[in-house]
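K.L.:
A single structure is presented below for examination.
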Amino acid sequence: MIKLSRNRKRLILFTTSLAAFQTPYNSTVLSFITPVLGKYFHAPLDVLIYVPIIYLIPLPTLMITLGRLSDIYGRVKIFKLGFVLFLIGSLLGSLAPNIYTLIIASLVMGFGSSILSPGSAAIVSQVFPEGERGFALGINAMAVYLGLTSAPFFGGLITQFLGWRFVLIITTILTVLGFAISWFSMEGIELPRRVVRIDYVGVITFTTAILLVVMYLILSAVSDWLYYLYLLIIGFAFFTVFIIAERRINYPMLDLSLFTRNISFMAGNITALLNYISTYSVPFLFSLYLQVVLGYNPFIAGLILVSEPMFMAALSPVSGKLSDKYGSREIAALGMGLIGVAFIMLLLLNIKYAIYVALSLMVLGIGFGLFSAPNTNSVMSSITADKYGIASGVLGTMRFMGQLLSITVASAILVSYLGRYASLYLFTGIMMSNITVYQSFITGLRIVLIISAIFSFIGVYTSLLREK
């Protein structure tokens with residue numbers, strides 16, 4: 001463990017938390033402003049949906065590989081590269097002349113995020129010793145969920161008064177700030193380079209497998225789930241080859257014993273996957289519901305949705321500190337349970353009234369705050385320091401695969417109930433006054449909420465599987 005002054009630690013924690021904030025904030029804000037982008041570029045839903053979805057492609061596909069490479073070549077070096085890629089993407093997006101350029105910019109930002117997201121947790125785990133790590137990861141988790149859930153408020157505020165381009169301009173400024181601080185705050189903390197052969201077979205087979213599964217989910221979200229089934233089958237075939245190969249290699253890309261012999265690691269990652277499957281589509285769905293169905297402007301819609309991050313931000317550092325003292329599994333399980341309760345509230349209350357939406361999201365925010373830091377602390381504390389990069393990459397892959405599943409399945413359900421005609425003209429500015437269209441939207445939304453509640457309660461069980 002590297003010994004650093006308190007001020008250096010604070011600067012590193014600030015920089016890594018800013019990086020942790022950027023990834024979910026921008027993925028969520030791109031979802032939130034899709035109605036505005038639709039009107040600005042005159043683009044239909046089946047094109048618009050690629051703006052937030054394309055951002056997610058590199059995250060589950062590359063995070064484990066990049067985590068492994070950071071363990072070998074240096075976490076700080078790879079981390080700074082993430083800032084550079086993110087800067088290029090956000091700057092390109094802010095200047096995008098059409099929706100297709102914005103989609104490309106979103107992809108580049110996704111590549112940067114696939115480095116920044118696992119890198120932040122790995123560097124925090126490297127710098128802060130046990131006894132301090134839970135609180136530091138709590139701050140880091142607070143940044144993640146603050147980015148995830150405050151995006152509707154800040155995105156709505158900026159879009160309403162400055163325009164959607166300023167959302168990405170401000171992101172560019174924050175990226176420059178994070179890169180500049182990391183340049184001097186992380187000087188001298190790089191661990192010695194490990195002399196380990198790169199598992200090229202593992203890298204190629206795993207990356208190909210995940211990419212094919214991701215592409216299947218993305219293409220099926222706006223098409224038929226059986227039409228691209230061959231991608232899923234080939235993806236699982238590559239994944240089977242990956243597992244067989246990893247068992248025969250001395251220095252595998254992913255040590256499979258982390259899953260087979262470490263209950264804390266396995267259960268924590270499964271619960272993270274369930275958490276994101278159940279929750280990630282909430283800002284996207286309720287952004288559409290509040291703006292397109294109920295007719296609120298972006299600022300008011302964001303103000304309603306900000307009820308979630310207020311409680312999440314307050315509780316994440318506290319729950320992280322509690323996990324240092326009392327352990328993680330019960331606290332994380334309580335958080336998942338409250339998230340499930342929030343979905344039940346959204347199903348039972350009359351969400352035509354914004355106050356009930358806000359109240360339910362408050363409970364969701366409390367659940368987030370109780371779950372995230374203890375879950376991350378449990379995963380990162382269950383492995384040795386030389387595997388922080390790969391462990392953070394696995395955890396990040398679970399998170400973002402969950403995000404991708406959440407938004408693709410939710411979009412597919414919504415489009416299937418609305419029908420192609422209503423979906424194509426969802427962002428034309430015409431209110432959804434047709435009672436049939438309105439009821440179809442509500443039916444699709446309720447189906448998604450039921451699925452989310454089920455996954456949340458399953459997450460209670462998997463949280464309790466973790467070792468003390």
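Just so we're on the same page: first chain in the structure tokens is A, next is B, and so on; residues restart at 1 for each chain, and ligands are numbered from 1 in the order they show up.
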Excluding Leu62 (chain A) and its own-chain neighbours fewer than 2 positions away, which residues fall within 12 Å of it when counting only C-alpha atoms? Please give them as a PyMOL selection string.

P.N.:
chain A and resi 56-60+64-70+110-118+203-211+214+253+390+393-394+396-398+400-401

K.L.:
Show me, as a list in words, the residues that have an atom within 8 Å of Leu359 (chain A) when counting only C-alpha atoms, minus same-chain residues fewer than 4 positions from it.

P.N.:
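Here the answer would be Ser307, Ile355 and Val363 of chain A.
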
K.L.:
Check the smallest atom-to-atom distance from each of A:Leu361, A:Thr384, A:Gly89, A:Leu231 to Ile218 (chain A) using only C-alpha atoms, then report the winner.

P.N.:
A:Leu231

K.L.:
Using only C-alpha atoms, can you tell me which of A:Thr34, A:Gln160, A:Ser360, A:Ser463 comes closest to Glu330 (chain A)?

P.N.:
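Between A:Thr34, A:Gln160, A:Ser360, A:Ser463, the residue approaching Glu330 (chain A) most closely is A:Ser463.
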
K.L.:
Find, counting only C-alpha atoms, the residue in A:Ser381, A:Thr376, A:Ile344, A:Phe299 that gets nearest to Gly163 (chain A).

P.N.:
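Of A:Ser381, A:Thr376, A:Ile344, A:Phe299, the one nearest Gly163 (chain A), counting only C-alpha atoms, is A:Phe299.
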
K.L.:
List the neighbours of Gln22 (chain A) out to 12 Å using only C-alpha atoms; skip same-chain residues closer than 6 positions along the sequence, and give me the result as a count of residues only.

P.N.:
40

K.L.:
Using only C-alpha atoms, which of the listed residues (A:Thr462, A:Asn350, A:Ser416, A:Gln439) sits closest to Ala272 (chain A)?

P.N.:
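Residue with the minimum atom-to-atom distance to Ala272 (chain A): A:Thr462.
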
K.L.:
Could you give me, as number ranges by chain, the residues within 8 Å of Leu37 (chain A), counting only C-alpha atoms and dropping anything in the same chain fewer than 4 positions from it?

P.N.:
A: 33, 41-43, 48, 99, 164

K.L.:
Could you turn the residues from that selection into a file that holds all heavy atoms, as a compact mmCIF listing (two decimals), in the first residue's frame?

P.N.:
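Result file follows (again_23.txt):
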```txt
# COMPACT_ATOMS: atom_id res chain seq x y z
N ILE A 33 -31.95 13.68 -22.73
CA ILE A 33 -32.19 14.75 -23.72
C ILE A 33 -32.62 14.19 -25.08
O ILE A 33 -32.71 14.95 -26.05
CB ILE A 33 -30.94 15.64 -23.90
CG1 ILE A 33 -29.75 14.86 -24.48
CG2 ILE A 33 -30.57 16.32 -22.60
CD1 ILE A 33 -28.54 15.72 -24.82
N PHE A 41 -32.96 17.48 -34.38
CA PHE A 41 -32.45 16.82 -35.58
C PHE A 41 -33.56 16.19 -36.43
O PHE A 41 -33.27 15.60 -37.46
CB PHE A 41 -31.44 15.73 -35.20
CG PHE A 41 -30.13 16.26 -34.66
CD1 PHE A 41 -29.75 16.00 -33.35
CD2 PHE A 41 -29.29 17.01 -35.46
CE1 PHE A 41 -28.55 16.48 -32.85
CE2 PHE A 41 -28.08 17.50 -34.97
CZ PHE A 41 -27.71 17.23 -33.66
N HIS A 42 -34.82 16.29 -35.96
CA HIS A 42 -35.96 15.67 -36.65
C HIS A 42 -35.71 14.17 -36.88
O HIS A 42 -35.89 13.64 -37.98
CB HIS A 42 -36.22 16.36 -37.99
CG HIS A 42 -36.43 17.84 -37.86
ND1 HIS A 42 -37.55 18.40 -37.28
CD2 HIS A 42 -35.64 18.88 -38.20
CE1 HIS A 42 -37.45 19.72 -37.28
NE2 HIS A 42 -36.30 20.04 -37.84
N ALA A 43 -35.28 13.50 -35.81
CA ALA A 43 -34.91 12.09 -35.89
C ALA A 43 -35.95 11.23 -35.16
O ALA A 43 -36.46 11.63 -34.12
CB ALA A 43 -33.53 11.86 -35.28
N LEU A 48 -32.73 7.67 -32.70
CA LEU A 48 -32.34 8.35 -31.47
C LEU A 48 -31.84 7.40 -30.40
O LEU A 48 -30.91 7.72 -29.65
CB LEU A 48 -33.53 9.14 -30.90
CG LEU A 48 -33.85 10.47 -31.57
CD1 LEU A 48 -35.18 10.98 -31.05
CD2 LEU A 48 -32.76 11.48 -31.29
N ILE A 99 -27.34 14.01 -36.30
CA ILE A 99 -27.51 12.97 -35.29
C ILE A 99 -26.48 11.87 -35.43
O ILE A 99 -26.05 11.25 -34.43
CB ILE A 99 -28.95 12.39 -35.37
CG1 ILE A 99 -29.24 11.50 -34.15
CG2 ILE A 99 -29.16 11.61 -36.66
CD1 ILE A 99 -29.31 12.22 -32.84
N TRP A 164 -28.89 22.08 -25.67
CA TRP A 164 -28.32 20.75 -25.41
C TRP A 164 -26.82 20.69 -25.66
O TRP A 164 -26.11 19.89 -25.03
CB TRP A 164 -29.02 19.69 -26.26
CG TRP A 164 -28.76 19.77 -27.74
CD1 TRP A 164 -29.50 20.41 -28.68
CD2 TRP A 164 -27.66 19.19 -28.45
NE1 TRP A 164 -28.95 20.28 -29.92
CE2 TRP A 164 -27.82 19.52 -29.81
CE3 TRP A 164 -26.56 18.42 -28.07
CZ2 TRP A 164 -26.90 19.12 -30.78
CZ3 TRP A 164 -25.65 18.01 -29.05
CH2 TRP A 164 -25.83 18.36 -30.39
```

K.L.:
Taking the DSSP assignment computed from this structure's backbone, write out as a VMD selection string all residues of region 261-304 of chain A that belong to helix (DSSP H, G or I).

P.N.:
chain A and resid 263 to 279 281 to 293 298 to 304

K.L.:
Just want the 12 Å neighbourhood of Arg8 (chain A), counted on only C-alpha atoms, with same-chain residues fewer than 3 positions away dropped. Output as a CSV table (one decimal) with all heavy atoms, in the first residue's frame.

P.N.:
```csv
chain,number,residue,atom,x,y,z
A,2,ILE,N,0.6,2.2,-0.9
A,2,ILE,CA,1.4,3.4,-1.0
A,2,ILE,C,1.0,4.4,0.0
A,2,ILE,O,-0.2,4.6,0.2
A,2,ILE,CB,1.2,4.0,-2.4
A,2,ILE,CG1,1.7,3.1,-3.5
A,2,ILE,CG2,2.0,5.3,-2.6
A,2,ILE,CD1,1.3,3.5,-4.9
A,3,LYS,N,2.0,5.0,0.8
A,3,LYS,CA,1.7,5.9,1.8
A,3,LYS,C,1.8,7.3,1.2
A,3,LYS,O,2.8,7.8,0.7
A,3,LYS,CB,2.7,5.8,2.9
A,3,LYS,CG,2.6,4.5,3.7
A,3,LYS,CD,3.6,4.4,4.9
A,3,LYS,CE,3.4,3.1,5.7
A,3,LYS,NZ,4.3,3.0,6.8
A,4,LEU,N,0.7,8.1,1.3
A,4,LEU,CA,0.6,9.4,0.8
A,4,LEU,C,0.0,10.3,1.8
A,4,LEU,O,-0.6,9.9,2.8
A,4,LEU,CB,-0.4,9.4,-0.5
A,4,LEU,CG,0.0,8.6,-1.7
A,4,LEU,CD1,-1.1,8.5,-2.7
A,4,LEU,CD2,1.3,9.1,-2.3
A,5,SER,N,0.3,11.6,1.6
A,5,SER,CA,-0.3,12.6,2.5
A,5,SER,C,-1.8,12.7,2.4
A,5,SER,O,-2.4,12.3,1.4
A,5,SER,CB,0.3,14.0,2.3
A,5,SER,OG,-0.1,14.5,1.0
A,11,LEU,N,-6.9,14.7,-3.3
A,11,LEU,CA,-6.9,15.1,-4.7
A,11,LEU,C,-7.1,13.9,-5.6
A,11,LEU,O,-7.8,14.0,-6.6
A,11,LEU,CB,-5.5,15.7,-5.0
A,11,LEU,CG,-5.3,17.2,-4.7
A,11,LEU,CD1,-3.9,17.6,-4.9
A,11,LEU,CD2,-6.3,18.1,-5.4
A,12,ILE,N,-6.5,12.8,-5.2
A,12,ILE,CA,-6.7,11.6,-6.0
A,12,ILE,C,-8.2,11.1,-5.9
A,12,ILE,O,-8.8,10.7,-6.9
A,12,ILE,CB,-5.8,10.4,-5.5
A,12,ILE,CG1,-4.3,10.8,-5.9
A,12,ILE,CG2,-6.2,9.1,-6.1
A,12,ILE,CD1,-3.3,9.9,-5.3
A,13,LEU,N,-8.7,11.2,-4.7
A,13,LEU,CA,-10.1,10.8,-4.6
A,13,LEU,C,-11.1,11.8,-5.4
A,13,LEU,O,-12.0,11.3,-6.0
A,13,LEU,CB,-10.5,10.9,-3.1
A,13,LEU,CG,-12.0,10.4,-2.8
A,13,LEU,CD1,-12.2,9.0,-3.2
A,13,LEU,CD2,-12.2,10.5,-1.3
A,14,PHE,N,-10.7,13.0,-5.4
A,14,PHE,CA,-11.5,14.0,-6.2
A,14,PHE,C,-11.4,13.7,-7.7
A,14,PHE,O,-12.4,13.6,-8.4
A,14,PHE,CB,-11.0,15.4,-6.0
A,14,PHE,CG,-11.7,16.5,-6.9
A,14,PHE,CD1,-12.9,16.9,-6.6
A,14,PHE,CD2,-11.0,16.9,-8.0
A,14,PHE,CE1,-13.6,17.9,-7.4
A,14,PHE,CE2,-11.7,17.8,-8.8
A,14,PHE,CZ,-12.9,18.3,-8.5
A,15,THR,N,-10.2,13.4,-8.2
A,15,THR,CA,-10.0,13.1,-9.6
A,15,THR,C,-10.7,11.8,-10.0
A,15,THR,O,-11.4,11.8,-11.0
A,15,THR,CB,-8.5,13.0,-9.9
A,15,THR,OG1,-7.8,14.1,-9.4
A,15,THR,CG2,-8.3,12.9,-11.4
A,124,VAL,N,-8.5,4.0,-6.4
A,124,VAL,CA,-8.9,4.3,-5.0
A,124,VAL,C,-8.6,3.1,-4.1
A,124,VAL,O,-8.0,3.3,-3.0
A,124,VAL,CB,-10.4,4.5,-4.9
A,124,VAL,CG1,-11.0,4.5,-3.5
A,124,VAL,CG2,-10.7,5.9,-5.5
A,127,VAL,N,-4.8,3.2,-3.3
A,127,VAL,CA,-4.3,4.3,-2.5
A,127,VAL,C,-4.8,4.2,-1.1
A,127,VAL,O,-4.0,4.5,-0.2
A,127,VAL,CB,-4.7,5.6,-3.2
A,127,VAL,CG1,-4.4,6.8,-2.2
A,127,VAL,CG2,-4.0,5.8,-4.5
A,128,PHE,N,-6.0,3.8,-0.9
A,128,PHE,CA,-6.6,3.8,0.5
A,128,PHE,C,-6.6,2.4,1.1
A,128,PHE,O,-7.0,1.4,0.5
A,128,PHE,CB,-8.1,4.3,0.4
A,128,PHE,CG,-8.2,5.7,0.1
A,128,PHE,CD1,-8.2,6.2,-1.2
A,128,PHE,CD2,-8.3,6.7,1.2
A,128,PHE,CE1,-8.4,7.5,-1.5
A,128,PHE,CE2,-8.4,8.0,0.9
A,128,PHE,CZ,-8.5,8.5,-0.4
A,181,ILE,N,-5.7,17.7,-13.1
A,181,ILE,CA,-5.4,17.3,-11.7
A,181,ILE,C,-4.8,15.9,-11.6
A,181,ILE,O,-3.9,15.7,-10.7
A,181,ILE,CB,-6.8,17.3,-10.8
A,181,ILE,CG1,-7.3,18.8,-10.8
A,181,ILE,CG2,-6.5,16.8,-9.4
A,181,ILE,CD1,-8.7,18.9,-10.1
A,182,SER,N,-5.2,15.0,-12.4
A,182,SER,CA,-4.6,13.7,-12.3
A,182,SER,C,-3.1,13.7,-12.7
A,182,SER,O,-2.3,12.9,-12.3
A,182,SER,CB,-5.4,12.7,-13.3
A,182,SER,OG,-5.1,13.0,-14.6
A,184,PHE,N,-0.7,15.8,-11.9
A,184,PHE,CA,0.2,16.0,-10.8
A,184,PHE,C,-0.2,15.2,-9.5
A,184,PHE,O,0.7,14.9,-8.7
A,184,PHE,CB,0.4,17.5,-10.5
A,184,PHE,CG,-0.9,18.2,-10.0
A,184,PHE,CD1,-1.2,18.2,-8.7
A,184,PHE,CD2,-1.7,18.9,-10.9
A,184,PHE,CE1,-2.4,18.8,-8.2
A,184,PHE,CE2,-2.8,19.5,-10.5
A,184,PHE,CZ,-3.2,19.5,-9.2
A,185,SER,N,-1.5,15.0,-9.3
A,185,SER,CA,-1.9,14.3,-8.0
A,185,SER,C,-1.5,12.8,-8.0
A,185,SER,O,-1.2,12.2,-7.0
A,185,SER,CB,-3.4,14.4,-7.8
A,185,SER,OG,-4.1,13.7,-8.8
A,186,MET,N,-1.4,12.2,-9.2
A,186,MET,CA,-1.1,10.8,-9.3
A,186,MET,C,0.4,10.5,-9.6
A,186,MET,O,0.7,9.3,-9.8
A,186,MET,CB,-2.0,10.1,-10.3
A,186,MET,CG,-3.5,10.1,-10.0
A,186,MET,SD,-4.5,9.2,-11.1
A,186,MET,CE,-6.1,9.5,-10.4
A,187,GLU,N,1.2,11.5,-9.6
A,187,GLU,CA,2.6,11.3,-9.8
A,187,GLU,C,3.3,10.5,-8.8
A,187,GLU,O,3.1,10.7,-7.6
A,187,GLU,CB,3.3,12.7,-9.9
A,187,GLU,CG,4.8,12.6,-10.3
A,187,GLU,CD,5.4,14.0,-10.4
A,187,GLU,OE1,4.7,15.0,-10.1
A,187,GLU,OE2,6.6,14.0,-10.6
A,188,GLY,N,3.9,9.4,-9.2
A,188,GLY,CA,4.7,8.6,-8.2
A,188,GLY,C,3.9,7.5,-7.6
A,188,GLY,O,4.4,6.8,-6.7
A,189,ILE,N,2.6,7.3,-8.0
A,189,ILE,CA,1.8,6.3,-7.3
A,189,ILE,C,1.7,5.0,-8.2
A,189,ILE,O,1.1,4.0,-7.7
A,189,ILE,CB,0.4,6.8,-6.9
A,189,ILE,CG1,-0.5,6.9,-8.2
A,189,ILE,CG2,0.5,8.0,-6.1
A,189,ILE,CD1,-1.9,7.1,-7.9
```

K.L.:
Determine, counting only C-alpha atoms, which protein, DNA and RNA residues have an atom within 12 Å of an atom of Glu190 (chain A); residues of the same chain fewer than 3 positions away are not included. Present the result as a ChimeraX atom specification.

P.N.:
/A:1-2,70-79,122-123,126-127,185-187,193-194

K.L.:
For a test of reading the model, state the distance in Å between CA of Gly295 (chain A) and CA of Tyr40 (chain A), rounded to one decimal.

P.N.:
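So the two atoms, CA of Gly295 (chain A) and CA of Tyr40 (chain A), lie 17.2 Å apart.
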